[in-house]
Structures are given as C-alpha cells and as structure tokens.
Amino acid sequence: MPNAKVLSEKQAIVAELTDKLKNAAAGVLVDYKGITVAEDTALRAELRKNNVDYSVVKNTLLRFAVDNCGMNELDGLLNGTTALAVCHEDPVAPARVVNDFAKKLEDHFEIKGGFMDGKAMPLEEVLALAAIPPLPVLQAQVLGTMLAPISGLACVLKQIAEKQGAPAGDAPAEPAAE
C-alpha cells in the first residue's frame, strides 16, 4: 500500500489532469515511442507556438482523470507510451500540429485518439479535425469570398468605362470655357 504522501501527490496529479481535460477545448492522445530528443524538441516548440499544452502522462493517472470527466471511451487507448496535447482556445490546433508531426515521423509517432468539448473522438474524427486549416487562413478565405463580388463589379465597371472611350482612372474631359 502506498504511503500517504505518495497517494496525496498522485491525487493532486489526477485532480490537475481532470481540470485540464474539463477546461480544454480539445485534446489529442499520442503514442510517442521511439521519438528522438531533437524531434521532441521541435514538436514541443511548434506546440508552444500554437498555445498547445503537451505533456507525457502516466496511463493509470490519466485513466482516473478521463473517468472523472466522463470520457470512459478513451480508456482503451491508454496503454503503451502516452502523451497528451490540449488547447484551451483553438480546438483544431492540437490535432493539426500533432498530425503534421505524425506524418513526418511515420513509424514512431502516432495519434491514438482525442476529445473535444468533453466528448471522446475516434482517430478518424481527429484526422478530419486536423485537416481544417488554421483560423487565420479560414478568416482570409471568408474575407476573400466576401470581397470577390465587389472586385468583380469594379472590373466590370472599369471595362464599361474603357469601352465607352473614357480612359480608366481619368475623369471625363470637360469642354474648355472661352
């Protein structure tokens, strides 16, 4: 039987993991077996840039936290080496960044599954989420879509003005006063 000090430390870790899971917009579970120190450093730097919290966790402690959050479906994924990537702002960021690295490090870094808004997601859904572009790219696409009709109208008006003999960008000439 573990002593009281060790038990209280583990309970504190479980409470912290539970809080992290409950407050996260989304998260991804990763099997990182075989990753080198350089690869891990690059991964952590990219995750930090995207405000994603990444940590290696013990499966038993994470299992308690997952159960506390009602995401028992993730219990089957908690074997082998496990790391947890969570983000509180952007629900797509953990899946996108981890998926990019999983593609680069094919055989020794893979996504196990994930969760979003307190609901477990299978691997297929995590990969679909990872395919969504970053928020600034989506905003630019929406803005471009909104500006396209205006740009088209401006081009048509310019062509009409040029066709009628008025040079583009110049005001029509007024007769000189005598």
# chains A, B, ... in the order shown; residues from 1 in each chain; ligands from 1
>>> residues_around(residues="Ala93 in chain A", least_positions_apart="5", cutoff="9 Å", atoms="only C-alpha atoms", output="PyMOL selection string")
chain A and resi 26-27+47+50-52+86-87+98+130+134
>>> residues_around(residues="Asp67 in chain A", least_positions_apart="2", cutoff="12 Å", atoms="only C-alpha atoms", output="mmCIF file with all heavy atoms, in the first residue's frame")
data_model
loop_
_atom_site.group_PDB
_atom_site.id
_atom_site.type_symbol
_atom_site.label_atom_id
_atom_site.label_comp_id
_atom_site.auth_asym_id
_atom_site.auth_seq_id
_atom_site.Cartn_x
_atom_site.Cartn_y
_atom_site.Cartn_z
ATOM 1 N N VAL A 14 -3.940 13.721 -10.505
ATOM 2 C CA VAL A 14 -5.214 13.345 -11.119
ATOM 3 C C VAL A 14 -6.166 14.543 -11.131
ATOM 4 O O VAL A 14 -6.845 14.803 -12.129
ATOM 5 C CB VAL A 14 -5.849 12.137 -10.394
ATOM 6 C CG1 VAL A 14 -7.283 11.912 -10.851
ATOM 7 C CG2 VAL A 14 -5.024 10.886 -10.632
ATOM 8 N N ALA A 15 -6.201 15.291 -10.033
ATOM 9 C CA ALA A 15 -7.066 16.481 -9.970
ATOM 10 C C ALA A 15 -6.640 17.519 -11.008
ATOM 11 O O ALA A 15 -7.484 18.135 -11.674
ATOM 12 C CB ALA A 15 -7.029 17.081 -8.566
ATOM 13 N N LEU A 17 -4.974 16.883 -13.863
ATOM 14 C CA LEU A 17 -5.319 16.341 -15.185
ATOM 15 C C LEU A 17 -6.821 16.458 -15.450
ATOM 16 O O LEU A 17 -7.235 16.802 -16.560
ATOM 17 C CB LEU A 17 -4.878 14.881 -15.297
ATOM 18 C CG LEU A 17 -3.401 14.620 -15.514
ATOM 19 C CD1 LEU A 17 -3.085 13.129 -15.374
ATOM 20 C CD2 LEU A 17 -2.964 15.117 -16.872
ATOM 21 N N THR A 18 -7.637 16.192 -14.440
ATOM 22 C CA THR A 18 -9.085 16.314 -14.586
ATOM 23 C C THR A 18 -9.468 17.739 -14.936
ATOM 24 O O THR A 18 -10.269 17.985 -15.848
ATOM 25 C CB THR A 18 -9.802 15.874 -13.291
ATOM 26 O OG1 THR A 18 -9.446 14.523 -13.000
ATOM 27 C CG2 THR A 18 -11.304 15.985 -13.423
ATOM 28 N N LEU A 21 -8.456 18.522 -18.546
ATOM 29 C CA LEU A 21 -9.348 17.906 -19.517
ATOM 30 C C LEU A 21 -10.698 18.619 -19.586
ATOM 31 O O LEU A 21 -11.257 18.817 -20.660
ATOM 32 C CB LEU A 21 -9.569 16.425 -19.189
ATOM 33 C CG LEU A 21 -8.352 15.508 -19.320
ATOM 34 C CD1 LEU A 21 -8.693 14.108 -18.829
ATOM 35 C CD2 LEU A 21 -7.848 15.459 -20.733
ATOM 36 N N LYS A 22 -11.224 19.001 -18.425
ATOM 37 C CA LYS A 22 -12.531 19.667 -18.383
ATOM 38 C C LYS A 22 -12.484 21.049 -19.022
ATOM 39 O O LYS A 22 -13.449 21.477 -19.647
ATOM 40 C CB LYS A 22 -13.022 19.787 -16.943
ATOM 41 C CG LYS A 22 -13.564 18.493 -16.383
ATOM 42 C CD LYS A 22 -14.105 18.683 -14.989
ATOM 43 C CE LYS A 22 -14.666 17.375 -14.465
ATOM 44 N NZ LYS A 22 -15.146 17.491 -13.079
ATOM 45 N N ASN A 59 -0.446 6.410 -17.736
ATOM 46 C CA ASN A 59 -1.743 5.910 -18.177
ATOM 47 C C ASN A 59 -2.736 5.741 -17.031
ATOM 48 O O ASN A 59 -3.907 6.084 -17.166
ATOM 49 C CB ASN A 59 -1.590 4.591 -18.928
ATOM 50 C CG ASN A 59 -0.954 4.786 -20.279
ATOM 51 O OD1 ASN A 59 -1.178 5.774 -20.954
ATOM 52 N ND2 ASN A 59 -0.131 3.829 -20.685
ATOM 53 N N THR A 60 -2.282 5.214 -15.890
ATOM 54 C CA THR A 60 -3.211 4.988 -14.780
ATOM 55 C C THR A 60 -3.755 6.303 -14.229
ATOM 56 O O THR A 60 -4.951 6.406 -13.933
ATOM 57 C CB THR A 60 -2.536 4.201 -13.639
ATOM 58 O OG1 THR A 60 -1.244 4.748 -13.391
ATOM 59 C CG2 THR A 60 -2.410 2.743 -13.974
ATOM 60 N N LEU A 61 -2.905 7.317 -14.123
ATOM 61 C CA LEU A 61 -3.359 8.612 -13.613
ATOM 62 C C LEU A 61 -4.296 9.287 -14.613
ATOM 63 O O LEU A 61 -5.323 9.862 -14.233
ATOM 64 C CB LEU A 61 -2.166 9.514 -13.298
ATOM 65 C CG LEU A 61 -1.191 8.983 -12.234
ATOM 66 C CD1 LEU A 61 -0.042 9.957 -12.037
ATOM 67 C CD2 LEU A 61 -1.904 8.719 -10.929
ATOM 68 N N LEU A 62 -3.965 9.194 -15.888
ATOM 69 C CA LEU A 62 -4.828 9.777 -16.917
ATOM 70 C C LEU A 62 -6.152 9.023 -16.991
ATOM 71 O O LEU A 62 -7.205 9.626 -17.227
ATOM 72 C CB LEU A 62 -4.122 9.769 -18.274
ATOM 73 C CG LEU A 62 -4.861 10.448 -19.419
ATOM 74 C CD1 LEU A 62 -5.182 11.906 -19.092
ATOM 75 C CD2 LEU A 62 -4.047 10.383 -20.695
ATOM 76 N N ARG A 63 -6.131 7.722 -16.771
ATOM 77 C CA ARG A 63 -7.370 6.939 -16.788
ATOM 78 C C ARG A 63 -8.330 7.439 -15.710
ATOM 79 O O ARG A 63 -9.528 7.596 -15.960
ATOM 80 C CB ARG A 63 -7.060 5.453 -16.594
ATOM 81 C CG ARG A 63 -8.275 4.550 -16.746
ATOM 82 C CD ARG A 63 -7.912 3.065 -16.762
ATOM 83 N NE ARG A 63 -7.295 2.736 -18.042
ATOM 84 C CZ ARG A 63 -6.049 2.313 -18.188
ATOM 85 N NH1 ARG A 63 -5.266 2.163 -17.140
ATOM 86 N NH2 ARG A 63 -5.566 2.029 -19.379
ATOM 87 N N PHE A 64 -7.816 7.719 -14.511
ATOM 88 C CA PHE A 64 -8.668 8.266 -13.448
ATOM 89 C C PHE A 64 -9.242 9.620 -13.865
ATOM 90 O O PHE A 64 -10.426 9.893 -13.672
ATOM 91 C CB PHE A 64 -7.886 8.421 -12.136
ATOM 92 C CG PHE A 64 -7.661 7.126 -11.397
ATOM 93 C CD1 PHE A 64 -6.376 6.674 -11.152
ATOM 94 C CD2 PHE A 64 -8.730 6.366 -10.939
ATOM 95 C CE1 PHE A 64 -6.153 5.493 -10.472
ATOM 96 C CE2 PHE A 64 -8.519 5.184 -10.256
ATOM 97 C CZ PHE A 64 -7.232 4.736 -10.020
ATOM 98 N N ALA A 65 -8.406 10.468 -14.458
ATOM 99 C CA ALA A 65 -8.858 11.800 -14.875
ATOM 100 C C ALA A 65 -9.904 11.701 -15.984
ATOM 101 O O ALA A 65 -10.909 12.424 -15.966
ATOM 102 C CB ALA A 65 -7.670 12.639 -15.334
ATOM 103 N N CYS A 69 -13.997 12.800 -15.944
ATOM 104 C CA CYS A 69 -14.609 13.709 -16.931
ATOM 105 C C CYS A 69 -15.709 13.027 -17.742
ATOM 106 O O CYS A 69 -16.320 13.666 -18.601
ATOM 107 C CB CYS A 69 -13.543 14.243 -17.878
ATOM 108 S SG CYS A 69 -12.336 15.280 -17.090
ATOM 109 N N GLY A 70 -15.927 11.753 -17.517
ATOM 110 C CA GLY A 70 -16.979 11.040 -18.234
ATOM 111 C C GLY A 70 -16.602 10.639 -19.648
ATOM 112 O O GLY A 70 -17.484 10.427 -20.479
ATOM 113 N N MET A 71 -15.326 10.539 -19.929
ATOM 114 C CA MET A 71 -14.880 10.123 -21.263
ATOM 115 C C MET A 71 -14.287 8.720 -21.203
ATOM 116 O O MET A 71 -13.165 8.468 -21.632
ATOM 117 C CB MET A 71 -13.859 11.127 -21.812
ATOM 118 C CG MET A 71 -14.426 12.497 -22.062
ATOM 119 S SD MET A 71 -13.289 13.631 -22.870
ATOM 120 C CE MET A 71 -12.167 14.050 -21.535
ATOM 121 N N ASN A 72 -15.060 7.783 -20.683
ATOM 122 C CA ASN A 72 -14.590 6.410 -20.485
ATOM 123 C C ASN A 72 -14.179 5.738 -21.791
ATOM 124 O O ASN A 72 -13.432 4.761 -21.774
ATOM 125 C CB ASN A 72 -15.678 5.576 -19.812
ATOM 126 C CG ASN A 72 -16.093 6.164 -18.488
ATOM 127 O OD1 ASN A 72 -15.470 7.096 -17.990
ATOM 128 N ND2 ASN A 72 -17.155 5.638 -17.915
ATOM 129 N N GLU A 73 -14.666 6.254 -22.938
ATOM 130 C CA GLU A 73 -14.322 5.659 -24.239
ATOM 131 C C GLU A 73 -12.821 5.715 -24.506
ATOM 132 O O GLU A 73 -12.302 4.947 -25.304
ATOM 133 C CB GLU A 73 -15.046 6.390 -25.377
ATOM 134 C CG GLU A 73 -16.558 6.359 -25.276
ATOM 135 C CD GLU A 73 -17.121 7.544 -24.489
ATOM 136 O OE1 GLU A 73 -16.337 8.373 -23.973
ATOM 137 O OE2 GLU A 73 -18.347 7.644 -24.393
ATOM 138 N N LEU A 74 -12.127 6.633 -23.849
ATOM 139 C CA LEU A 74 -10.683 6.785 -24.067
ATOM 140 C C LEU A 74 -9.855 5.770 -23.278
ATOM 141 O O LEU A 74 -8.659 5.638 -23.509
ATOM 142 C CB LEU A 74 -10.230 8.207 -23.701
ATOM 143 C CG LEU A 74 -10.813 9.342 -24.543
ATOM 144 C CD1 LEU A 74 -10.362 10.691 -24.004
ATOM 145 C CD2 LEU A 74 -10.405 9.193 -25.998
ATOM 146 N N ASP A 75 -10.485 5.050 -22.344
ATOM 147 C CA ASP A 75 -9.750 4.095 -21.512
ATOM 148 C C ASP A 75 -8.992 3.060 -22.337
ATOM 149 O O ASP A 75 -7.872 2.681 -21.997
ATOM 150 C CB ASP A 75 -10.703 3.369 -20.549
ATOM 151 C CG ASP A 75 -11.106 4.230 -19.369
ATOM 152 O OD1 ASP A 75 -10.517 5.328 -19.199
ATOM 153 O OD2 ASP A 75 -12.010 3.814 -18.619
ATOM 154 N N GLY A 76 -9.578 2.603 -23.427
ATOM 155 C CA GLY A 76 -8.939 1.588 -24.265
ATOM 156 C C GLY A 76 -7.682 2.079 -24.960
ATOM 157 O O GLY A 76 -6.860 1.288 -25.400
ATOM 158 N N LEU A 78 -5.429 4.017 -23.500
ATOM 159 C CA LEU A 78 -4.405 4.334 -22.507
ATOM 160 C C LEU A 78 -3.537 3.119 -22.205
ATOM 161 O O LEU A 78 -3.609 2.507 -21.139
ATOM 162 C CB LEU A 78 -5.060 4.880 -21.231
ATOM 163 C CG LEU A 78 -5.868 6.151 -21.445
ATOM 164 C CD1 LEU A 78 -6.559 6.569 -20.163
ATOM 165 C CD2 LEU A 78 -4.982 7.266 -21.962
ATOM 166 N N GLY A 118 -15.469 17.763 -24.144
ATOM 167 C CA GLY A 118 -15.859 16.723 -23.199
ATOM 168 C C GLY A 118 -16.365 15.432 -23.817
ATOM 169 O O GLY A 118 -16.852 14.560 -23.108
ATOM 170 N N LYS A 119 -16.242 15.286 -25.124
ATOM 171 C CA LYS A 119 -16.682 14.071 -25.818
ATOM 172 C C LYS A 119 -15.495 13.406 -26.494
ATOM 173 O O LYS A 119 -14.719 14.061 -27.180
ATOM 174 C CB LYS A 119 -17.732 14.404 -26.889
ATOM 175 C CG LYS A 119 -18.940 15.165 -26.385
ATOM 176 C CD LYS A 119 -19.903 14.239 -25.687
ATOM 177 C CE LYS A 119 -21.190 14.974 -25.353
ATOM 178 N NZ LYS A 119 -21.434 15.125 -23.965
ATOM 179 N N ALA A 120 -15.378 12.101 -26.312
ATOM 180 C CA ALA A 120 -14.294 11.347 -26.941
ATOM 181 C C ALA A 120 -14.498 11.296 -28.452
ATOM 182 O O ALA A 120 -15.625 11.271 -28.935
ATOM 183 C CB ALA A 120 -14.242 9.936 -26.364
#
>>> residues_around(residues="Tyr32 in chain A", least_positions_apart="5", cutoff="8 Å", atoms="only C-alpha atoms", output="list in words")
Thr81, Thr82, Ala83, His108, Phe109 and Glu110 of chain A
>>> write_last_selection(atoms="N, CA, C and O atoms", output="compact mmCIF listing (two decimals), in the first residue's frame")
# COMPACT_ATOMS: atom_id res chain seq x y z
N THR A 81 3.14 4.00 -24.40
CA THR A 81 3.58 5.36 -24.07
C THR A 81 2.50 6.34 -24.49
O THR A 81 1.97 6.26 -25.60
N THR A 82 2.16 7.27 -23.60
CA THR A 82 1.07 8.20 -23.88
C THR A 82 1.49 9.62 -23.56
O THR A 82 2.03 9.89 -22.49
N ALA A 83 1.20 10.51 -24.49
CA ALA A 83 1.38 11.94 -24.27
C ALA A 83 0.04 12.60 -24.55
O ALA A 83 -0.77 12.11 -25.35
N HIS A 108 7.13 5.98 -35.68
CA HIS A 108 7.33 6.03 -34.24
C HIS A 108 6.65 7.20 -33.55
O HIS A 108 7.05 7.61 -32.47
N PHE A 109 5.58 7.69 -34.14
CA PHE A 109 4.81 8.76 -33.51
C PHE A 109 3.42 8.71 -34.13
O PHE A 109 3.26 8.97 -35.32
N GLU A 110 2.43 8.33 -33.35
CA GLU A 110 1.09 8.19 -33.93
C GLU A 110 0.01 8.67 -32.98
O GLU A 110 0.15 8.60 -31.76
>>> atom_distance(atom1="CA of Ala140 in chain A", atom2="CA of Met121 in chain A")
28.2 Å
>>> select_by_dssp(residues="range 48-138 of chain A", states="strand (DSSP E)", output="PyMOL selection string")
chain A and resi 53-56+83-87+110-116+119-121
